[in-house]
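> Structure file start.tsv, TSV, C-alpha atoms, is pasted below:
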```
chain	number	residue	atom	x	y	z
A	1	MET	CA	-63.27	-87.70	74.93
A	2	ARG	CA	-64.23	-88.65	78.45
A	3	THR	CA	-61.48	-88.33	80.99
A	4	PRO	CA	-61.02	-91.57	82.89
A	5	ARG	CA	-62.51	-91.45	86.36
A	6	LYS	CA	-59.87	-91.19	89.02
A	7	ILE	CA	-60.02	-94.25	91.22
A	8	LEU	CA	-59.61	-93.20	94.82
A	9	PRO	CA	-57.73	-95.64	97.04
A	10	ILE	CA	-59.86	-97.47	99.60
A	11	THR	CA	-59.03	-96.11	103.02
A	12	ARG	CA	-60.10	-96.80	106.55
A	13	ARG	CA	-59.51	-95.08	109.86
A	14	GLU	CA	-58.41	-96.62	113.12
A	15	ILE	CA	-58.11	-94.84	116.44
A	16	GLY	CA	-54.56	-94.85	117.82
A	17	SER	CA	-53.87	-96.10	121.34
A	18	GLY	CA	-51.46	-93.30	122.21
A	19	LEU	CA	-47.81	-93.98	121.43
A	20	ALA	CA	-46.60	-92.92	124.88
A	21	PHE	CA	-48.76	-95.56	126.55
A	22	ALA	CA	-49.09	-98.34	124.01
A	23	GLU	CA	-46.30	-98.12	121.44
A	24	GLU	CA	-45.76	-101.89	121.28
A	25	HIS	CA	-49.49	-102.53	120.90
A	26	ASP	CA	-49.85	-100.06	118.02
A	27	LEU	CA	-46.73	-101.35	116.25
A	28	GLN	CA	-48.14	-104.89	116.48
A	29	ARG	CA	-51.42	-103.67	114.98
A	30	LEU	CA	-49.47	-102.09	112.09
A	31	VAL	CA	-47.69	-105.42	111.45
A	32	ARG	CA	-51.06	-107.22	111.38
A	33	TRP	CA	-52.69	-104.64	109.11
A	34	ALA	CA	-49.73	-104.70	106.69
A	35	ALA	CA	-50.07	-108.50	106.47
A	36	GLU	CA	-53.80	-108.07	105.80
A	37	GLY	CA	-53.14	-105.54	103.02
A	38	TRP	CA	-53.59	-102.26	104.87
A	39	ARG	CA	-50.78	-99.71	104.78
A	40	LEU	CA	-50.56	-96.75	107.15
A	41	VAL	CA	-50.47	-93.50	105.16
A	42	GLN	CA	-51.20	-90.80	107.69
A	43	ILE	CA	-51.55	-90.09	111.38
A	44	ARG	CA	-54.14	-87.36	111.86
A	45	GLY	CA	-54.55	-86.41	115.52
A	46	LEU	CA	-55.85	-89.51	117.28
A	47	TYR	CA	-56.57	-91.32	114.03
A	48	MET	CA	-54.45	-93.51	111.80
A	49	VAL	CA	-55.45	-93.51	108.15
A	50	LEU	CA	-54.87	-96.83	106.36
A	51	GLU	CA	-54.93	-97.45	102.63
A	52	GLN	CA	-55.47	-100.74	100.86
A	53	ALA	CA	-52.17	-102.10	99.50
A	54	PRO	CA	-50.63	-105.45	98.57
A	55	PRO	CA	-50.18	-107.53	101.75
A	56	GLU	CA	-46.61	-107.54	103.03
A	57	GLN	CA	-44.66	-108.98	105.93
A	58	CYS	CA	-42.83	-106.18	107.70
A	59	VAL	CA	-41.86	-104.83	111.09
A	60	PHE	CA	-42.10	-101.27	112.37
A	61	ALA	CA	-40.08	-99.02	114.67
A	62	ILE	CA	-40.73	-95.63	116.22
A	63	ASP	CA	-38.05	-93.07	117.00
A	64	TYR	CA	-38.18	-89.58	118.51
A	65	GLN	CA	-35.88	-86.93	117.02
A	66	ALA	CA	-36.65	-83.21	117.01
A	67	THR	CA	-36.56	-82.02	113.35
A	68	PRO	CA	-33.77	-84.29	112.10
A	69	ASP	CA	-31.90	-83.47	108.89
A	70	PRO	CA	-32.11	-85.63	105.74
A	71	GLU	CA	-28.99	-87.50	106.88
A	72	TYR	CA	-31.10	-89.25	109.53
A	73	PHE	CA	-33.39	-90.86	106.96
A	74	GLU	CA	-30.41	-91.68	104.71
A	75	VAL	CA	-28.62	-93.52	107.52
A	76	CYS	CA	-31.80	-95.42	108.45
A	77	ALA	CA	-32.36	-96.37	104.80
A	78	ALA	CA	-28.76	-97.64	104.56
A	79	ALA	CA	-29.59	-100.02	107.44
A	80	GLY	CA	-32.79	-101.24	105.78
A	81	TRP	CA	-35.30	-99.02	107.62
A	82	THR	CA	-37.62	-97.20	105.21
A	83	HIS	CA	-39.22	-94.00	106.45
A	84	VAL	CA	-43.02	-94.35	106.50
A	85	LEU	CA	-44.13	-91.03	107.97
A	86	SER	CA	-43.34	-88.43	110.60
A	87	VAL	CA	-45.68	-86.73	113.03
A	88	GLU	CA	-44.90	-83.03	113.26
A	89	GLN	CA	-41.24	-83.73	112.36
A	90	HIS	CA	-40.68	-85.19	115.84
A	91	ILE	CA	-42.04	-88.73	115.86
A	92	HIS	CA	-40.79	-90.95	113.04
A	93	LEU	CA	-42.14	-94.28	111.92
A	94	PHE	CA	-39.97	-96.73	109.97
A	95	ARG	CA	-40.67	-100.02	108.22
A	96	ALA	CA	-38.29	-102.90	107.50
A	97	VAL	CA	-38.40	-106.51	106.37
A	98	PRO	CA	-38.56	-109.01	109.26
A	99	GLY	CA	-35.08	-109.93	110.44
A	100	THR	CA	-33.60	-106.46	109.88
A	101	GLN	CA	-31.35	-105.54	112.77
A	102	SER	CA	-32.83	-103.12	115.28
A	103	ILE	CA	-32.93	-99.41	114.49
A	104	PHE	CA	-31.26	-98.88	117.89
A	105	SER	CA	-27.99	-100.18	119.31
A	106	ALA	CA	-28.14	-102.70	122.13
A	107	ASN	CA	-29.06	-101.02	125.46
A	108	ASP	CA	-29.94	-97.83	123.61
A	109	ALA	CA	-33.61	-98.39	122.86
A	110	ILE	CA	-34.83	-96.62	126.00
A	111	VAL	CA	-32.69	-93.52	125.37
A	112	LYS	CA	-35.26	-92.48	122.76
A	113	TYR	CA	-37.82	-92.10	125.56
A	114	GLU	CA	-35.58	-89.49	127.20
A	115	ARG	CA	-35.73	-87.51	123.95
A	116	ALA	CA	-39.50	-88.01	123.77
A	117	ALA	CA	-39.94	-86.86	127.39
A	118	ARG	CA	-37.82	-83.78	126.64
A	119	MET	CA	-40.13	-82.94	123.71
A	120	PHE	CA	-43.17	-83.11	125.98
A	121	ALA	CA	-41.52	-81.46	129.02
A	122	LYS	CA	-42.26	-77.80	128.20
A	123	PRO	CA	-45.88	-78.25	127.02
A	124	ALA	CA	-46.48	-80.52	130.05
A	125	LEU	CA	-45.07	-77.91	132.42
A	126	TRP	CA	-47.06	-75.05	130.92
A	127	SER	CA	-50.34	-76.94	130.80
A	128	SER	CA	-49.80	-78.02	134.43
A	129	VAL	CA	-49.08	-74.44	135.53
A	130	VAL	CA	-52.17	-73.10	133.72
A	131	LEU	CA	-54.31	-75.96	135.05
A	132	VAL	CA	-53.17	-75.40	138.67
A	133	LEU	CA	-53.68	-71.62	138.36
A	134	SER	CA	-57.13	-72.00	136.86
A	135	ILE	CA	-58.12	-74.52	139.57
A	136	CYS	CA	-56.89	-71.97	142.16
A	137	VAL	CA	-59.11	-69.32	140.53
A	138	VAL	CA	-62.07	-71.70	140.68
A	139	LEU	CA	-61.40	-72.50	144.37
A	140	LEU	CA	-60.98	-68.80	145.25
A	141	ARG	CA	-64.16	-67.94	143.39
A	142	GLY	CA	-65.99	-70.39	145.63
A	143	GLN	CA	-65.04	-68.46	148.79
A	144	PRO	CA	-67.94	-66.45	150.26
A	145	TRP	CA	-65.75	-63.38	150.88
A	146	VAL	CA	-64.86	-63.21	147.18
A	147	ALA	CA	-68.53	-63.35	146.16
A	148	ALA	CA	-69.34	-60.66	148.73
A	149	SER	CA	-66.58	-58.23	147.79
A	150	VAL	CA	-66.47	-58.51	143.98
A	151	ASP	CA	-68.91	-56.98	141.53
A	152	ARG	CA	-71.45	-59.43	140.02
A	153	ALA	CA	-70.45	-58.62	136.42
A	154	VAL	CA	-66.80	-59.34	137.26
A	155	LEU	CA	-67.79	-62.61	138.93
A	156	THR	CA	-69.65	-63.74	135.81
A	157	THR	CA	-66.57	-62.96	133.71
A	158	ILE	CA	-64.38	-64.90	136.15
A	159	ASP	CA	-66.80	-67.85	135.91
A	160	TRP	CA	-66.67	-67.89	132.11
A	161	VAL	CA	-62.90	-67.50	131.96
A	162	SER	CA	-62.22	-70.16	134.61
A	163	VAL	CA	-64.55	-72.68	132.95
A	164	LEU	CA	-62.81	-72.07	129.64
A	165	LEU	CA	-59.33	-72.23	131.19
A	166	VAL	CA	-59.96	-75.44	133.17
A	167	THR	CA	-61.42	-77.15	130.10
A	168	LEU	CA	-58.61	-76.03	127.82
A	169	ALA	CA	-55.73	-76.57	130.25
A	170	GLY	CA	-57.25	-79.87	131.39
A	171	THR	CA	-57.47	-81.18	127.84
A	172	LEU	CA	-53.92	-80.01	127.07
A	173	TRP	CA	-52.72	-81.55	130.32
A	174	VAL	CA	-54.16	-84.96	129.39
A	175	PHE	CA	-52.34	-84.86	126.03
A	176	THR	CA	-49.01	-83.49	127.32
A	177	ALA	CA	-48.44	-84.25	131.01
A	178	LEU	CA	-49.73	-87.84	130.82
A	179	PRO	CA	-47.54	-88.75	127.79
A	180	TRP	CA	-44.61	-86.98	129.50
A	181	SER	CA	-45.03	-89.15	132.63
A	182	ALA	CA	-45.36	-92.27	130.48
A	183	TYR	CA	-42.14	-91.43	128.60
A	184	ARG	CA	-40.33	-90.69	131.89
A	185	LEU	CA	-41.42	-94.09	133.21
A	186	ARG	CA	-40.25	-95.78	130.01
A	187	ALA	CA	-36.92	-93.90	130.13
A	188	SER	CA	-36.41	-95.22	133.68
A	189	GLY	CA	-36.73	-98.75	132.36
A	190	TYR	CA	-40.38	-99.52	133.11
A	191	THR	CA	-42.26	-101.40	130.44
A	192	LEU	CA	-45.80	-100.16	130.11
A	193	GLN	CA	-48.17	-102.98	129.33
A	194	TRP	CA	-51.07	-102.04	127.12
A	195	SER	CA	-54.26	-102.33	129.12
A	196	ARG	CA	-57.46	-100.95	127.70
A	197	LEU	CA	-58.96	-100.87	131.20
A	198	ALA	CA	-56.14	-98.81	132.79
A	199	TYR	CA	-56.29	-96.47	129.84
A	200	ILE	CA	-60.04	-95.94	130.17
A	201	VAL	CA	-59.73	-95.48	133.96
A	202	VAL	CA	-56.99	-92.79	133.66
A	203	PHE	CA	-58.83	-90.86	130.98
A	204	ALA	CA	-62.18	-91.23	132.78
A	205	VAL	CA	-60.68	-89.92	136.04
A	206	CYS	CA	-59.10	-86.94	134.24
A	207	GLY	CA	-62.34	-86.28	132.33
A	208	ALA	CA	-64.37	-86.56	135.53
A	209	CYS	CA	-62.09	-84.07	137.35
A	210	ILE	CA	-62.37	-81.55	134.53
A	211	GLY	CA	-66.13	-82.20	134.28
A	212	TYR	CA	-66.52	-81.74	138.04
A	213	PHE	CA	-64.80	-78.36	138.05
A	214	VAL	CA	-66.59	-77.12	134.97
A	215	GLY	CA	-69.93	-78.49	136.21
A	216	ALA	CA	-69.46	-76.98	139.66
A	217	ARG	CA	-68.75	-73.59	138.14
A	218	VAL	CA	-71.67	-73.76	135.75
A	219	ALA	CA	-74.01	-74.87	138.53
A	220	GLY	CA	-72.51	-72.28	140.94
A	221	ALA	CA	-73.06	-69.51	138.44
A	222	GLY	CA	-76.70	-70.51	138.11
A	223	TRP	CA	-76.53	-71.21	134.38
B	1	MET	CA	-27.61	-86.36	131.78
B	2	SER	CA	-26.30	-84.00	129.11
B	3	ARG	CA	-24.60	-85.29	125.99
B	4	ARG	CA	-21.29	-83.79	127.10
B	5	ALA	CA	-21.58	-85.37	130.54
B	6	ALA	CA	-22.20	-88.76	128.91
B	7	LEU	CA	-18.74	-88.56	127.35
B	8	SER	CA	-16.85	-86.85	130.16
B	9	ASN	CA	-16.08	-90.00	132.19
B	10	GLY	CA	-13.40	-90.90	129.65
B	11	GLU	CA	-14.81	-94.22	128.52
B	12	LEU	CA	-16.46	-94.62	125.16
B	13	ASN	CA	-19.48	-96.86	124.88
B	14	ASP	CA	-19.48	-99.54	122.17
B	15	SER	CA	-21.40	-97.44	119.62
B	16	GLN	CA	-19.12	-94.43	120.15
B	17	PHE	CA	-16.04	-96.67	119.86
B	18	TYR	CA	-17.13	-98.24	116.56
B	19	ILE	CA	-18.17	-94.89	115.08
B	20	LEU	CA	-14.91	-93.13	116.02
B	21	ALA	CA	-12.90	-96.03	114.59
B	22	ALA	CA	-14.94	-95.92	111.35
B	23	LEU	CA	-14.22	-92.21	111.00
B	24	VAL	CA	-10.42	-92.37	111.13
B	25	VAL	CA	-10.92	-91.63	107.42
B	26	PRO	CA	-13.62	-89.11	106.33
B	27	ARG	CA	-16.97	-90.74	105.59
B	28	HIS	CA	-20.65	-89.91	105.13
B	29	GLY	CA	-23.07	-91.02	107.83
B	30	TYR	CA	-24.59	-93.67	105.55
B	31	ALA	CA	-21.11	-94.94	104.59
B	32	VAL	CA	-20.38	-95.42	108.31
B	33	MET	CA	-23.67	-97.35	108.60
B	34	GLN	CA	-22.78	-99.58	105.64
B	35	LEU	CA	-19.30	-100.20	107.02
B	36	LEU	CA	-20.64	-101.15	110.45
B	37	MET	CA	-23.21	-103.48	108.91
B	38	ASP	CA	-20.46	-105.30	107.03
B	39	VAL	CA	-18.40	-105.99	110.16
B	40	PRO	CA	-18.33	-109.81	110.42
B	41	ASP	CA	-19.23	-111.38	113.77
B	42	GLN	CA	-20.01	-107.99	115.17
B	43	ILE	CA	-20.95	-108.49	118.78
B	44	THR	CA	-22.41	-105.06	119.28
B	45	HIS	CA	-24.97	-103.95	116.77
B	46	VAL	CA	-24.98	-100.20	116.03
B	47	GLY	CA	-28.50	-99.15	115.01
B	48	PRO	CA	-29.01	-96.29	112.53
B	49	ALA	CA	-31.04	-94.17	114.97
B	50	THR	CA	-28.26	-94.55	117.55
B	51	LEU	CA	-25.64	-93.81	114.87
B	52	TYR	CA	-27.36	-90.53	113.97
B	53	THR	CA	-27.60	-89.36	117.61
B	54	THR	CA	-24.07	-90.52	118.41
B	55	LEU	CA	-22.58	-88.66	115.40
B	56	HIS	CA	-24.15	-85.43	116.69
B	57	GLN	CA	-23.08	-86.22	120.25
B	58	LEU	CA	-19.45	-86.83	119.21
B	59	VAL	CA	-19.36	-83.63	117.12
B	60	GLU	CA	-20.73	-81.69	120.10
B	61	ALA	CA	-18.08	-83.24	122.36
B	62	GLY	CA	-15.32	-82.26	119.89
B	63	LEU	CA	-14.30	-85.85	119.04
B	64	LEU	CA	-15.58	-85.61	115.46
B	65	GLU	CA	-15.84	-82.74	113.03
B	66	ARG	CA	-17.80	-82.15	109.87
B	67	CYS	CA	-15.73	-81.49	106.79
B	68	ALA	CA	-16.69	-80.40	103.26
B	69	SER	CA	-19.93	-82.11	102.31
B	70	GLU	CA	-21.53	-83.00	99.00
B	71	GLY	CA	-25.17	-81.97	98.81
B	72	VAL	CA	-27.23	-82.86	101.86
B	73	SER	CA	-24.91	-85.60	103.08
B	74	LYS	CA	-22.42	-84.53	105.69
B	75	VAL	CA	-18.90	-85.90	105.84
B	76	TYR	CA	-17.41	-86.58	109.26
B	77	VAL	CA	-13.83	-87.18	110.37
B	78	ILE	CA	-12.14	-87.81	113.70
B	79	THR	CA	-10.45	-84.84	115.47
B	80	GLN	CA	-7.11	-84.95	117.33
B	81	GLU	CA	-8.98	-85.21	120.63
B	82	GLY	CA	-11.12	-87.99	119.16
B	83	ARG	CA	-8.03	-89.88	118.05
B	84	ARG	CA	-6.47	-89.50	121.51
B	85	ARG	CA	-9.62	-90.89	123.15
B	86	LEU	CA	-9.80	-93.75	120.64
B	87	VAL	CA	-6.14	-94.71	121.25
B	88	ASN	CA	-6.74	-94.66	125.05
B	89	GLU	CA	-9.83	-96.79	124.63
B	90	ILE	CA	-8.00	-99.32	122.43
B	91	ALA	CA	-5.27	-99.59	125.08
B	92	ARG	CA	-7.89	-100.02	127.83
B	93	LYS	CA	-9.71	-102.72	125.90
B	94	GLN	CA	-6.42	-104.50	125.05
B	95	ALA	CA	-5.44	-104.50	128.74
B	96	MET	CA	-8.85	-105.94	129.63
B	97	VAL	CA	-8.53	-108.69	127.03
B	98	GLU	CA	-4.96	-109.54	128.07
B	99	PHE	CA	-5.98	-109.78	131.71
B	100	ALA	CA	-8.88	-112.08	130.86
B	101	GLN	CA	-6.71	-114.22	128.57
B	102	ARG	CA	-4.04	-114.63	131.26
B	103	ALA	CA	-6.73	-115.55	133.77
B	104	MET	CA	-8.19	-118.12	131.37
B	105	GLU	CA	-4.73	-119.65	130.87
B	106	GLY	CA	-4.37	-119.89	134.65
B	107	ARG	CA	-1.67	-117.20	134.88
B	108	THR	CA	-1.81	-113.97	136.90
B	109	HIS	CA	0.38	-110.85	137.13
B	110	HIS	CA	2.30	-112.03	140.16
B	111	GLU	CA	3.35	-115.39	138.84
```
Would you mind giving the structure from this file in structure tokens?


Amino acid sequence: MRTPRKILPITRREIGSGLAFAEEHDLQRLVRWAAEGWRLVQIRGLYMVLEQAPPEQCVFAIDYQATPDPEYFEVCAAAGWTHVLSVEQHIHLFRAVPGTQSIFSANDAIVKYERAARMFAKPALWSSVVLVLSICVVLLRGQPWVAASVDRAVLTTIDWVSVLLVTLAGTLWVFTALPWSAYRLRASGYTLQWSRLAYIVVFAVCGACIGYFVGARVAGAGW
Amino acid sequence: MSRRAALSNGELNDSQFYILAALVVPRHGYAVMQLLMDVPDQITHVGPATLYTTLHQLVEAGLLERCASEGVSKVYVITQEGRRRLVNEIARKQAMVEFAQRAMEGRTHHE
């Protein structure tokens, strides 16, 4: 007897806008997709994975809680907020029917950004420290007296290590320090308006800085 | 601002006030949520995410305590200190309301 072929659900991927910068924009997109029959099933890095599902009218909310216990989801469910998914047990997405009362008390919605900023504070600090140190190494390496007094083999090693460090720390910095600053701004009451242009400019400037340092080192080392 | 510092000025915010009042008798977190949702004409809405954080905040500040729980659900109840703060807050709110009512009726303290 032939086993019936397993029908895989139809999925599609969408790139996320970055919750720290464009939470409202992404939540609006989720509402639209749900109405069109696409349900969010996973957030994988920068991507959101959507699965085809019956169209539904719903609203979404995001909360930040570091590894909450099951009671958290129970309480939210009691108020009509169904847990959709969590990202690394820290960022939680909920769904509810339109008209459900907010997941936060009045005047309390921005307190969640303080929690979010706290979650990003340590990684942001460490990536900033490593980035500043590695930029210092790169700047020092550029001094003529360093080139004159240090062995060539050591210099080559320094070049490799600094290129690697600037790239790594720079990338980490973009994904930790920038969200941290965005959450701090939100916690102070600023509303960040989603702007594709501002987003591209910030990331392009950061990318260009990292590229400049790496490029300068590579060119300086004669590779 | 630390959680403790948020409570140290003596006043309870609306969410803390409602939650302490709901826990004069022992209840699960979700039972508190259901109770608060059933309050008619509730001016201040207590959201579930706020409820969860506030429960932890009040336990940390010693105004609530966890008692014997069934399974994963924790049961909370007000402590003596919590009761004292709640009574003070009720008195403060009553005084505020009385003052406003007298003012609305055109009377003041000195009349």

> Would you give me, as CSV, each residue of chain B having an atom within 6 Å of an atom of chain A, along with its shortest atom pair and that distance in Å to one decimal, using only C-alpha atoms and sorting by chain and residue number?


```
residue,atom,partner,partner_atom,distance
B:Tyr30,CA,A:Val75,CA,4.5
B:His45,CA,A:Ser105,CA,5.5
B:Val46,CA,A:Ser105,CA,4.5
B:Gly47,CA,A:Phe104,CA,4.0
B:Pro48,CA,A:Cys76,CA,5.0
B:Ala49,CA,A:Phe104,CA,5.5
B:Thr50,CA,A:Phe104,CA,5.3
B:Tyr52,CA,A:Tyr72,CA,5.9
B:Ser73,CA,A:Glu71,CA,5.9
```

> One decimal, in Å: what's the spacing between atom CA of A:Ala147 and atom CA of A:Val129?

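Going from atom CA of A:Ala147 over to atom CA of A:Val129, I get 24.8 Å.
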
> Put the listed atoms of stretch 177-183 of chain A in a box along x, y and z with 6 Å added on every side and give me the centre and edge lengths in Å to one decimal, as lines of an AutoDock Vina configuration file.


```
center_x = -45.9
center_y = -88.3
center_z = 130.2
size_x = 19.6
size_y = 20.0
size_z = 16.8
```

> Using all atoms listed in the file, which residue out of B:Glu65, B:Glu60, B:Glu11, B:Glu98 lies closest to B:Arg85?

B:Glu11

> To one decimal place in Å, what is the distance between atom CA of A:Tyr183 and atom CA of A:Lys122?

13.6 Å

> From the list B:Ala100, B:Cys67, B:Ala95, B:Met33, which residue is nearest B:Tyr18 when using all atoms listed in the file?

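Among B:Ala100, B:Cys67, B:Ala95, B:Met33, it is B:Met33 that comes nearest to B:Tyr18.
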